[in-house]
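For reference, the structure is listed below as structure tokens.
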Amino acid sequence: MHTDDIESVRALIYEYAELIDLGQLDAVSALFTHGTWSSPGRGTPLRGAEQVRHAYDGVILYDGIPGTKHVISNVTIEIADDRATATARSYFTVLQGRPDFPLQSVIAGRYHDRFARVDDSWRFADRQIFPDLIGDLRRHLRDPDL
């Protein structure tokens, strides 16, 4: 078992969530410098930090943050025998609360991820986002059509 690799991949999954909640959308996008990002209904997968950054143009920020908490659960990680690639599946639940918007889950779904080791560090190779439950996204996204 490759415990260090598993924990490094897990940390990357959590870093994505934390950066979004901090409103650091350029840093979120930089996680995909070597990867792709996609979601059903959004067309061709986005490749690289610049393309992925545009996917976050619709996120509404309030004083620099979206007022969300991305809760990640049910994380399953598999490291390839050669330790060069990995896969992961996880659930996400996005909570949002604003002064005029009671705390609630606004979306929940699954991430299907592939990772590659680049310069001895784990990086996203591909993230597929599957929204399963969609709530009121009007205060989170300018165009809530997923």
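Letters A, B, ... go to the chains of the structure tokens in the order shown; residues in each chain start at 1; ligands are counted from 1 in the same order.
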
What lies within 12 Å of region 35-40 of chain A using only C-alpha atoms, ignoring chain neighbours under 5 positions off, as a VMD selection string? chain A and resid 28 to 30 45 to 56 109 to 118 122 to 132 145 to 146

Using backbone DSSP assignments, extract all helix (DSSP H, G or I) residues from chain A; output them as a VMD selection string. chain A and resid 3 to 21 25 to 30 48 to 55

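Residues surrounding Val59 (chain A) within 8 Å are Pro66, His140, Leu141 and Arg142 of chain A [only C-alpha atoms; sequence separation below 5 positions excluded].
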
Take the residues from that selection and put them in a file with N, CA, C and O atoms, as a short mmCIF file (atom, residue, chain, number, x, y, z; two decimals), in the first residue's frame.
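The resulting file, result-v3.cif, is shown below:
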data_model
loop_
_atom_site.label_atom_id
_atom_site.label_comp_id
_atom_site.auth_asym_id
_atom_site.auth_seq_id
_atom_site.Cartn_x
_atom_site.Cartn_y
_atom_site.Cartn_z
N PRO A 66 -17.12 33.00 -2.08
CA PRO A 66 -18.46 32.63 -2.52
C PRO A 66 -19.44 32.32 -1.39
O PRO A 66 -20.62 32.10 -1.66
N HIS A 140 -24.94 31.39 -6.04
CA HIS A 140 -23.61 30.78 -6.20
C HIS A 140 -23.07 30.96 -7.62
O HIS A 140 -21.88 31.19 -7.80
N LEU A 141 -23.95 30.86 -8.60
CA LEU A 141 -23.53 30.93 -10.01
C LEU A 141 -24.36 31.95 -10.76
O LEU A 141 -25.59 31.97 -10.62
N ARG A 142 -23.71 32.74 -11.60
CA ARG A 142 -24.43 33.71 -12.43
C ARG A 142 -25.34 33.01 -13.43
O ARG A 142 -26.40 33.48 -13.75
#

What does the distance between CA of Ala88 (chain A) and CA of Leu19 (chain A) come to in Å, to one decimal place?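 Pair CA of Ala88 (chain A) / CA of Leu19 (chain A) returns 18.9 Å.
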
Long-range neighbours of region 5-13 of chain A as JSON, numbers by chain, 9 Å cut-off, only C-alpha atoms, 4 positions minimum in chain: {"A": [1, 17, 31, 72, 75, 76, 77, 78, 79, 83, 86, 87, 88, 90, 113, 115, 121, 122, 123, 124]}

List the spatial neighbours of Leu22 (chain A) as a PyMOL selection string - criterion: any atom at most 8 Å away, only C-alpha atoms, same-chain residues fewer than 2 positions off excluded. chain A and resi 18-20+24+64-66

Interatomic distance between CA of Leu95 (chain A) and CA of Ala27 (chain A)?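 Atom-to-atom, CA of Leu95 (chain A) to CA of Ala27 (chain A), that is 20.7 Å.
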
Using only C-alpha atoms: which of A:Arg98, A:His34, A:Arg89, A:His2 has the shortest distance to Leu61 (chain A): A:Arg98
